[in-house]
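Enquirer: Handing you a structure now.
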Amino acid sequence: MKNIKSMLPEELEADILAMGEPKYRAKQVFKWLGRGVGSFEEMSDIPKSLRMKLEKEYTIYKPKVLSKQVSKIDGTIKYLWELYDGNAVETVVMSYKHGNTVCVSSQVGCRQGCAFCASTIGGLVRGLEPSEILDEVLFSQLDSGKTISNIVLMGIGEPLDNFDNVVKFLKLVNHPDGMNIGMRHISLSTCGIIEKFDELADLNLQLTLSVSLHAPDDETRSKIMPANIGRGVDNLMKSCKSYYEKTGRRISFEYIMIDGVNDTEYHARLLAKRAKEVCAHVNLIPMNHVEESRFHPSTSGHIKGFIKILEDEGVNVTVRRKLGGDVDASCGQLRRKMQKGNDKK
Ligand code: SAH
């Protein structure tokens with residue numbers, strides 16, 4: 001059986017025509033799916049005969065809320081969803097002056113092994129289906145009552161390691177008959193799977209590509225990000241440059257400040273050089289402490305000194321505001337806690 005929520009209206013149209021039904025029904029069904037229905041029965045303006053045909057061909061699944069935490073500090077909401085196979089992923093809804101941003105997961109677990117990240121501790125289980133990523137956005141909006149205007153693919157998983165499904169999700173969420181979220185309001189974050197940069201650039205999607213750089217030199221980067229081994233920072237920069245030249249879209253470098261690891265003057269100067277070479281914007285992230293990790297956040301004094309060097313070098317730099325500090329709002333922490341709970345049983 002096909003998963004109907006992973007289908008674009010055009011694809012649905014072809015199937016519906018083949019069933020001998022008028023093609024406008026596809027749009028009607030797609031719109032119902034966008035309202036979050038969990039069965040064909042709820043599609044009240046679709047004739048019963050067609051609903052029965054659809055039921056035979058397709059599955060519809062609705063994720064369940066396993067846990068919902070609302071930050072008392074800033075209203076950030078963190079959801080843990082149960083998927084059709086019992087796996088769980090996290091989604092975070094953050095409110096800013098310019099609107100509500102949802103941070104979605106793209107995989108169950110992750111195989112990239114970054115040393116500071118909670119999402120990768122249990123390895124990769126599977127990639128999410130396009131519909132499952134879409135559901136994170138849709139049901140976060142429906143449950144919270146907050147209209148989502150921006151999406152960041154910065155939750156659990158490596159989006160470029162689940163390329164086809166992520167691209168399909170982007171087309172679904174961007175569709176005018178669906179949630180209609182503009183590509184310019186979407187950021188995709190990667191640890192640097194450069195083999196996929198060209199393919200992404202060729203799609204000309206107008207989204208923002210964020211690269212989790214976290215260190216400007218191979219020695220430091222390979223220590224904290226295994227994805228750097230065999231690829232290297234020089235090649236990453238070449239790929240960033242070519243992406244920028246192809247798409248005209250500036251890349252953003254994410255940089256977690258880790259005490260004594262990547263926050264020295266040497267790192268700041270080299271980071272500035274790298275950023276200028278590819279016209280990248282630098283987004284510094286105060287590290288969230290992960291229980292299992294041996295790393296600690298940089299001190300605020302160190303962060304200030306680091307910013308000053310970057311600014312003096314003429315780099316465009318921002319510091320990410322910390323939200324949801326009381327709701328485990330850092331990647332993979334909530335799912336990890338649940339796993340640990342299960343481990344004990
Ligand atoms: N795999 C993708 C997207 C998911 S991670 C990527 O690597 O970009 C999203 C962002 O959160 C990345 O920049 C990641 O490095 C960062 N991150 C992971 N663990 C963190 C922590 N403990 N504190 C702060 N940011 C963290």
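Following the order of the structure tokens, chains are lettered A, B, ..., residues in each are numbered from 1, and ligands are numbered from 1.
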Please list as a tab-separated table (two decimals) with N, CA and C atoms, in the first residue's frame every residue within 12 Å of region 112-116 of chain A, counting only C-alpha atoms and excluding residues in the same chain fewer than 4 positions away.
Expert:
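Saved as around.tsv:
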chain	number	residue	atom	x	y	z
A	107	GLN	N	15.56	12.22	10.35
A	107	GLN	CA	15.85	10.78	10.46
A	107	GLN	C	15.53	10.35	11.90
A	120	THR	N	22.99	11.32	17.88
A	120	THR	CA	23.74	10.29	17.17
A	120	THR	C	24.16	9.14	18.10
A	121	ILE	N	23.87	9.30	19.39
A	121	ILE	CA	24.39	8.34	20.37
A	121	ILE	C	23.95	6.89	20.08
A	122	GLY	N	22.70	6.69	19.70
A	122	GLY	CA	22.25	5.32	19.41
A	122	GLY	C	22.40	4.94	17.94
A	123	GLY	N	23.04	5.76	17.12
A	123	GLY	CA	23.20	5.47	15.69
A	123	GLY	C	21.93	5.76	14.90
A	124	LEU	N	21.95	5.34	13.63
A	124	LEU	CA	20.79	5.60	12.76
A	124	LEU	C	19.82	4.42	12.79
A	156	ILE	N	16.70	16.03	14.76
A	156	ILE	CA	17.48	14.79	14.71
A	156	ILE	C	17.74	14.39	13.26
A	157	GLY	N	18.97	13.93	12.98
A	157	GLY	CA	19.27	13.36	11.67
A	157	GLY	C	20.04	14.27	10.75
A	158	GLU	N	20.54	13.69	9.66
A	158	GLU	CA	21.28	14.43	8.65
A	158	GLU	C	20.42	14.48	7.38
A	159	PRO	N	19.86	15.64	7.06
A	159	PRO	CA	18.94	15.73	5.92
A	159	PRO	C	19.53	15.22	4.60
A	160	LEU	N	20.82	15.49	4.37
A	160	LEU	CA	21.38	15.07	3.08
A	160	LEU	C	21.68	13.57	3.03
A	161	ASP	N	21.53	12.89	4.16
A	161	ASP	CA	21.66	11.44	4.20
A	161	ASP	C	20.29	10.79	3.95
A	190	THR	N	23.36	20.90	7.35
A	190	THR	CA	24.10	19.66	7.08
A	190	THR	C	25.46	19.68	7.76
A	191	CYS	N	25.94	18.48	8.10
A	191	CYS	CA	27.29	18.39	8.68
A	191	CYS	C	28.33	18.40	7.56
A	192	GLY	N	27.86	18.51	6.31
A	192	GLY	CA	28.81	18.63	5.20
A	192	GLY	C	28.90	17.39	4.33
A	193	ILE	N	27.75	16.85	3.93
A	193	ILE	CA	27.73	15.70	3.02
A	193	ILE	C	27.88	16.29	1.61
A	212	SER	N	27.06	23.00	9.24
A	212	SER	CA	27.56	22.88	10.61
A	212	SER	C	29.06	22.73	10.52
A	213	LEU	N	29.75	23.86	10.60
A	213	LEU	CA	31.21	23.83	10.42
A	213	LEU	C	31.89	23.44	11.73
A	214	HIS	N	31.65	24.20	12.76
A	214	HIS	CA	32.14	23.91	14.11
A	214	HIS	C	33.65	23.90	14.30
A	220	THR	N	41.00	19.87	14.23
A	220	THR	CA	39.91	20.01	15.20
A	220	THR	C	38.63	19.38	14.67
A	221	ARG	N	38.32	19.66	13.41
A	221	ARG	CA	37.02	19.22	12.88
A	221	ARG	C	36.90	17.70	12.84
A	222	SER	N	37.97	17.03	12.43
A	222	SER	CA	37.90	15.57	12.34
A	222	SER	C	37.77	14.93	13.73
A	223	LYS	N	38.27	15.64	14.74
A	223	LYS	CA	38.16	15.12	16.11
A	223	LYS	C	36.72	15.14	16.60
A	224	ILE	N	35.98	16.20	16.25
A	224	ILE	CA	34.62	16.32	16.79
A	224	ILE	C	33.55	15.91	15.78
A	225	MET	N	33.91	15.86	14.48
A	225	MET	CA	32.93	15.49	13.46
A	225	MET	C	33.52	14.45	12.49
A	226	PRO	N	33.22	13.17	12.72
A	226	PRO	CA	33.76	12.12	11.86
A	226	PRO	C	33.43	12.34	10.38
A	227	ALA	N	32.34	13.08	10.09
A	227	ALA	CA	31.98	13.34	8.69
A	227	ALA	C	33.08	14.11	7.96
A	228	ASN	N	33.97	14.73	8.73
A	228	ASN	CA	35.06	15.49	8.10
A	228	ASN	C	36.18	14.58	7.59
A	229	ILE	N	36.28	13.41	8.20
A	229	ILE	CA	37.37	12.50	7.84
A	229	ILE	C	37.14	12.00	6.41
A	256	ILE	N	29.24	25.90	16.88
A	256	ILE	CA	29.00	25.72	18.31
A	256	ILE	C	30.26	26.10	19.05
A	257	MET	N	30.13	26.86	20.11
A	257	MET	CA	31.30	27.26	20.88
A	257	MET	C	31.56	26.23	21.98
A	258	ILE	N	32.64	25.46	21.80
A	258	ILE	CA	32.97	24.41	22.78
A	258	ILE	C	34.25	24.80	23.53
A	259	ASP	N	34.14	24.82	24.82
A	259	ASP	CA	35.22	25.30	25.68
A	259	ASP	C	36.55	24.57	25.41
A	261	VAL	N	38.07	23.76	22.85
A	261	VAL	CA	38.17	22.85	21.70
A	261	VAL	C	38.28	23.64	20.39
A	287	MET	N	26.85	26.24	23.07
A	287	MET	CA	26.62	24.79	23.11
A	287	MET	C	25.63	24.42	24.22
A	288	ASN	N	24.72	23.51	23.90
A	288	ASN	CA	23.85	22.96	24.94
A	288	ASN	C	24.57	21.78	25.56
A	289	HIS	N	24.56	21.73	26.86
A	289	HIS	CA	25.27	20.62	27.50
A	289	HIS	C	24.49	19.31	27.30
A	290	VAL	N	25.19	18.28	26.85
A	290	VAL	CA	24.58	16.95	26.68
A	290	VAL	C	25.18	16.06	27.76
A	291	GLU	N	24.28	15.39	28.48
A	291	GLU	CA	24.71	14.60	29.64
A	291	GLU	C	25.89	13.67	29.36
A	292	GLU	N	25.81	12.96	28.22
A	292	GLU	CA	26.81	11.95	27.93
A	292	GLU	C	28.12	12.53	27.40
A	293	SER	N	28.14	13.86	27.17
A	293	SER	CA	29.27	14.43	26.44
A	293	SER	C	30.36	14.94	27.37
A	294	ARG	N	31.59	14.85	26.89
A	294	ARG	CA	32.72	15.33	27.69
A	294	ARG	C	32.98	16.81	27.45
A	295	PHE	N	32.21	17.43	26.57
A	295	PHE	CA	32.43	18.83	26.22
A	295	PHE	C	31.59	19.78	27.04
A	296	HIS	N	32.09	21.02	27.14
A	296	HIS	CA	31.37	22.05	27.88
A	296	HIS	C	31.28	23.32	27.04
A	297	PRO	N	30.23	24.13	27.31
A	297	PRO	CA	30.09	25.38	26.55
A	297	PRO	C	31.24	26.34	26.86
A	330	SER	N	17.44	20.76	22.91
A	330	SER	CA	18.58	20.51	22.03
A	330	SER	C	18.41	19.14	21.38
A	331	CYS	N	18.86	19.07	20.12
A	331	CYS	CA	18.67	17.85	19.31
A	331	CYS	C	18.81	16.54	20.05
A	332	GLY	N	17.79	15.75	19.97
A	332	GLY	CA	17.92	14.36	20.41
A	332	GLY	C	17.88	14.12	21.91
A	333	GLN	N	17.81	15.19	22.70
A	333	GLN	CA	17.88	14.96	24.14
A	333	GLN	C	16.65	14.26	24.71
Enquirer: DSSP on the backbone: which residues in region 99-259 of chain A end up as helix (DSSP H, G or I)? Give the answer as a ChimeraX atom specification.
Expert: /A:118-120,130-144,159-174,183-185,194-203,218-224,226-228,233-247
Enquirer: Measuring atom to atom with only C-alpha atoms and all ligand atoms, identify which of A:Gly305, A:Pro22, A:Gly109, A:Pro63 is nearest to ligand 1.
Expert: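 Among A:Gly305, A:Pro22, A:Gly109, A:Pro63, it is A:Gly109 that comes nearest to ligand 1.
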Enquirer: Give me, as a short mmCIF file (atom, residue, chain, number, x, y, z; two decimals) with N, CA, C and O atoms, in the first residue's frame, all polymer residues having an atom no more than 10 Å from Gln28 (chain A), counting only C-alpha atoms and skipping those fewer than 3 positions away in the same chain.
Expert:
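Final file, result.cif:
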data_model
loop_
_atom_site.label_atom_id
_atom_site.label_comp_id
_atom_site.auth_asym_id
_atom_site.auth_seq_id
_atom_site.Cartn_x
_atom_site.Cartn_y
_atom_site.Cartn_z
N PRO A 9 0.03 16.38 -5.25
CA PRO A 9 -1.26 16.33 -5.93
C PRO A 9 -1.14 15.83 -7.38
O PRO A 9 -2.00 15.08 -7.85
N LYS A 23 -10.21 14.35 -12.25
CA LYS A 23 -8.91 14.68 -11.64
C LYS A 23 -9.01 15.73 -10.53
O LYS A 23 -8.14 15.77 -9.66
N TYR A 24 -10.08 16.54 -10.50
CA TYR A 24 -10.17 17.54 -9.44
C TYR A 24 -10.27 16.91 -8.05
O TYR A 24 -10.02 17.54 -7.04
N ARG A 25 -10.64 15.63 -8.02
CA ARG A 25 -10.73 14.95 -6.72
C ARG A 25 -9.37 14.90 -6.02
O ARG A 25 -9.29 14.90 -4.80
N LYS A 31 -6.09 18.48 -0.08
CA LYS A 31 -6.47 19.52 0.89
C LYS A 31 -6.94 18.90 2.20
O LYS A 31 -6.63 19.41 3.27
N TRP A 32 -7.68 17.81 2.10
CA TRP A 32 -8.10 17.11 3.33
C TRP A 32 -6.88 16.65 4.13
O TRP A 32 -6.83 16.77 5.35
N LEU A 33 -5.91 16.10 3.41
CA LEU A 33 -4.70 15.61 4.09
C LEU A 33 -4.01 16.77 4.81
O LEU A 33 -3.51 16.61 5.92
N GLY A 34 -4.03 17.93 4.19
CA GLY A 34 -3.43 19.12 4.78
C GLY A 34 -4.16 19.62 6.02
O GLY A 34 -3.64 20.43 6.78
N MET A 43 -13.23 12.54 4.97
CA MET A 43 -13.26 13.41 3.78
C MET A 43 -14.69 13.51 3.27
O MET A 43 -15.09 12.86 2.30
N ASP A 45 -16.68 15.47 1.59
CA ASP A 45 -17.18 15.80 0.26
C ASP A 45 -16.63 14.87 -0.83
O ASP A 45 -16.77 15.14 -2.02
N ILE A 46 -16.01 13.77 -0.43
CA ILE A 46 -15.54 12.77 -1.40
C ILE A 46 -16.57 11.63 -1.39
O ILE A 46 -16.90 11.12 -0.32
N ASP A 177 -1.33 24.21 -2.61
CA ASP A 177 -2.56 23.60 -2.07
C ASP A 177 -2.32 22.93 -0.71
O ASP A 177 -3.23 22.34 -0.13
#
Enquirer: Fewer than 2 positions away in the same chain doesn't count, so skip those; otherwise give me all residues within 8 Å of region 233-236 of chain A, counting only C-alpha atoms, as a tab-separated table (two decimals) with N, CA and C atoms, in the first residue's frame.
Expert:
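Result written to around_32.tsv:
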chain	number	residue	atom	x	y	z
A	192	GLY	N	27.86	18.51	6.31
A	192	GLY	CA	28.81	18.63	5.20
A	192	GLY	C	28.90	17.39	4.33
A	194	ILE	N	29.13	16.61	1.24
A	194	ILE	CA	29.38	17.42	0.04
A	194	ILE	C	29.01	16.71	-1.26
A	216	PRO	N	37.36	25.24	11.78
A	216	PRO	CA	37.82	25.65	10.46
A	216	PRO	C	39.03	24.87	9.96
A	217	ASP	N	39.56	23.96	10.79
A	217	ASP	CA	40.76	23.19	10.42
A	217	ASP	C	40.48	21.70	10.56
A	218	ASP	N	41.19	20.91	9.76
A	218	ASP	CA	40.93	19.47	9.76
A	218	ASP	C	41.22	18.81	11.10
A	221	ARG	N	38.32	19.66	13.41
A	221	ARG	CA	37.02	19.22	12.88
A	221	ARG	C	36.90	17.70	12.84
A	228	ASN	N	33.97	14.73	8.73
A	228	ASN	CA	35.06	15.49	8.10
A	228	ASN	C	36.18	14.58	7.59
A	231	ARG	N	36.77	13.78	3.86
A	231	ARG	CA	36.22	14.88	3.06
A	231	ARG	C	37.12	16.10	3.20
A	238	LYS	N	35.32	24.28	-0.99
A	238	LYS	CA	35.14	24.28	-2.46
A	238	LYS	C	33.67	24.03	-2.80
A	239	SER	N	33.08	23.07	-2.10
A	239	SER	CA	31.67	22.73	-2.37
A	239	SER	C	30.75	23.89	-1.99
A	240	CYS	N	31.08	24.56	-0.89
A	240	CYS	CA	30.26	25.71	-0.45
A	240	CYS	C	30.35	26.82	-1.51
Enquirer: Just the number, please: distance in Å from CA of Thr208 (chain A) to CA of Val152 (chain A), one decimal.
Expert: 9.2 Å
Enquirer: Find the residue from A:Thr264, A:Thr147, A:Thr91, A:Gln206 that sits nearest to ligand 1; use only C-alpha atoms and all ligand atoms when measuring.
Expert: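 Ranking A:Thr264, A:Thr147, A:Thr91, A:Gln206 by distance to ligand 1, first place goes to A:Thr91.
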Enquirer: Run DSSP on the backbone and tell me which residues of region 22-126 of chain A come out as strand (DSSP E or B); list them as an mmCIF file with C-alpha atoms, in the first residue's frame.
Expert:
data_model
loop_
_atom_site.group_PDB
_atom_site.id
_atom_site.type_symbol
_atom_site.label_atom_id
_atom_site.label_comp_id
_atom_site.auth_asym_id
_atom_site.auth_seq_id
_atom_site.Cartn_x
_atom_site.Cartn_y
_atom_site.Cartn_z
ATOM 1 C CA TYR A 58 -3.315 3.854 0.457
ATOM 2 C CA THR A 59 -2.423 4.227 4.088
ATOM 3 C CA LYS A 64 0.731 10.590 18.264
ATOM 4 C CA VAL A 65 2.026 13.057 20.842
ATOM 5 C CA LEU A 66 4.190 11.022 23.230
ATOM 6 C CA SER A 67 5.198 14.086 25.155
ATOM 7 C CA LYS A 68 4.758 17.840 24.927
ATOM 8 C CA GLN A 69 6.809 20.261 26.992
ATOM 9 C CA VAL A 70 6.206 23.987 27.063
ATOM 10 C CA ILE A 77 7.301 23.871 22.673
ATOM 11 C CA LYS A 78 9.016 20.537 22.332
ATOM 12 C CA TYR A 79 7.089 17.577 20.931
ATOM 13 C CA LEU A 80 8.051 13.945 20.960
ATOM 14 C CA TRP A 81 6.003 12.105 18.305
ATOM 15 C CA GLU A 82 5.334 8.421 18.012
ATOM 16 C CA ALA A 88 9.989 8.504 18.058
ATOM 17 C CA VAL A 89 11.304 11.865 16.839
ATOM 18 C CA GLU A 90 11.401 15.384 18.211
ATOM 19 C CA THR A 91 10.117 18.695 16.879
ATOM 20 C CA VAL A 92 10.567 22.124 18.449
ATOM 21 C CA VAL A 93 8.344 25.176 17.900
ATOM 22 C CA MET A 94 10.011 28.517 18.650
ATOM 23 C CA SER A 95 8.320 31.896 18.624
ATOM 24 C CA TYR A 96 10.171 34.933 17.333
ATOM 25 C CA GLY A 99 6.779 34.474 13.343
ATOM 26 C CA ASN A 100 6.926 30.872 14.471
ATOM 27 C CA THR A 101 9.744 28.577 13.444
ATOM 28 C CA VAL A 102 9.562 24.811 13.581
ATOM 29 C CA CYS A 103 12.718 22.717 13.904
ATOM 30 C CA GLN A 107 15.845 10.785 10.464
ATOM 31 C CA VAL A 108 15.255 8.500 13.428
ATOM 32 C CA GLY A 109 18.712 8.740 15.001
ATOM 33 C CA LEU A 124 20.787 5.601 12.760
ATOM 34 C CA VAL A 125 17.527 3.658 12.826
ATOM 35 C CA ARG A 126 15.961 4.904 9.548
#
Enquirer: Considering only C-alpha atoms, state which residue in the set A:Asn316, A:Thr247, A:Asn180, A:Ser144 is at the smallest distance from Asp198 (chain A).
Expert: A:Thr247
Enquirer: Counting only C-alpha atoms, which of A:Gly230, A:Lys246, A:Lys308, A:Lys241 gets nearest to Glu199 (chain A)?
Expert: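 Distance minimum relative to Glu199 (chain A) lands on A:Lys246.
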Enquirer: Between A:Asn87, A:Ser105, A:Ser149, A:Ser140, single out the one closest to ligand 1, counting only C-alpha atoms and all ligand atoms.
Expert: A:Ser105
Enquirer: What is the distance, in Å and to one decimal place, between CA of Phe163 (chain A) and CA of Lys322 (chain A)?
Expert: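 Spanning CA of Phe163 (chain A) to CA of Lys322 (chain A) is a straight-line distance of 28.8 Å.
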Enquirer: Name the closest residue to ligand 1 among the candidates A:Ile133, A:Cys110, A:Leu8, A:Ala26; distances are taken between atoms, counting only C-alpha atoms and all ligand atoms.
Expert: A:Cys110
Enquirer: Measure the distance from CA of Ala268 (chain A) to CA of Ser119 (chain A) in Å and round it to one decimal.
Expert: 26.8 Å
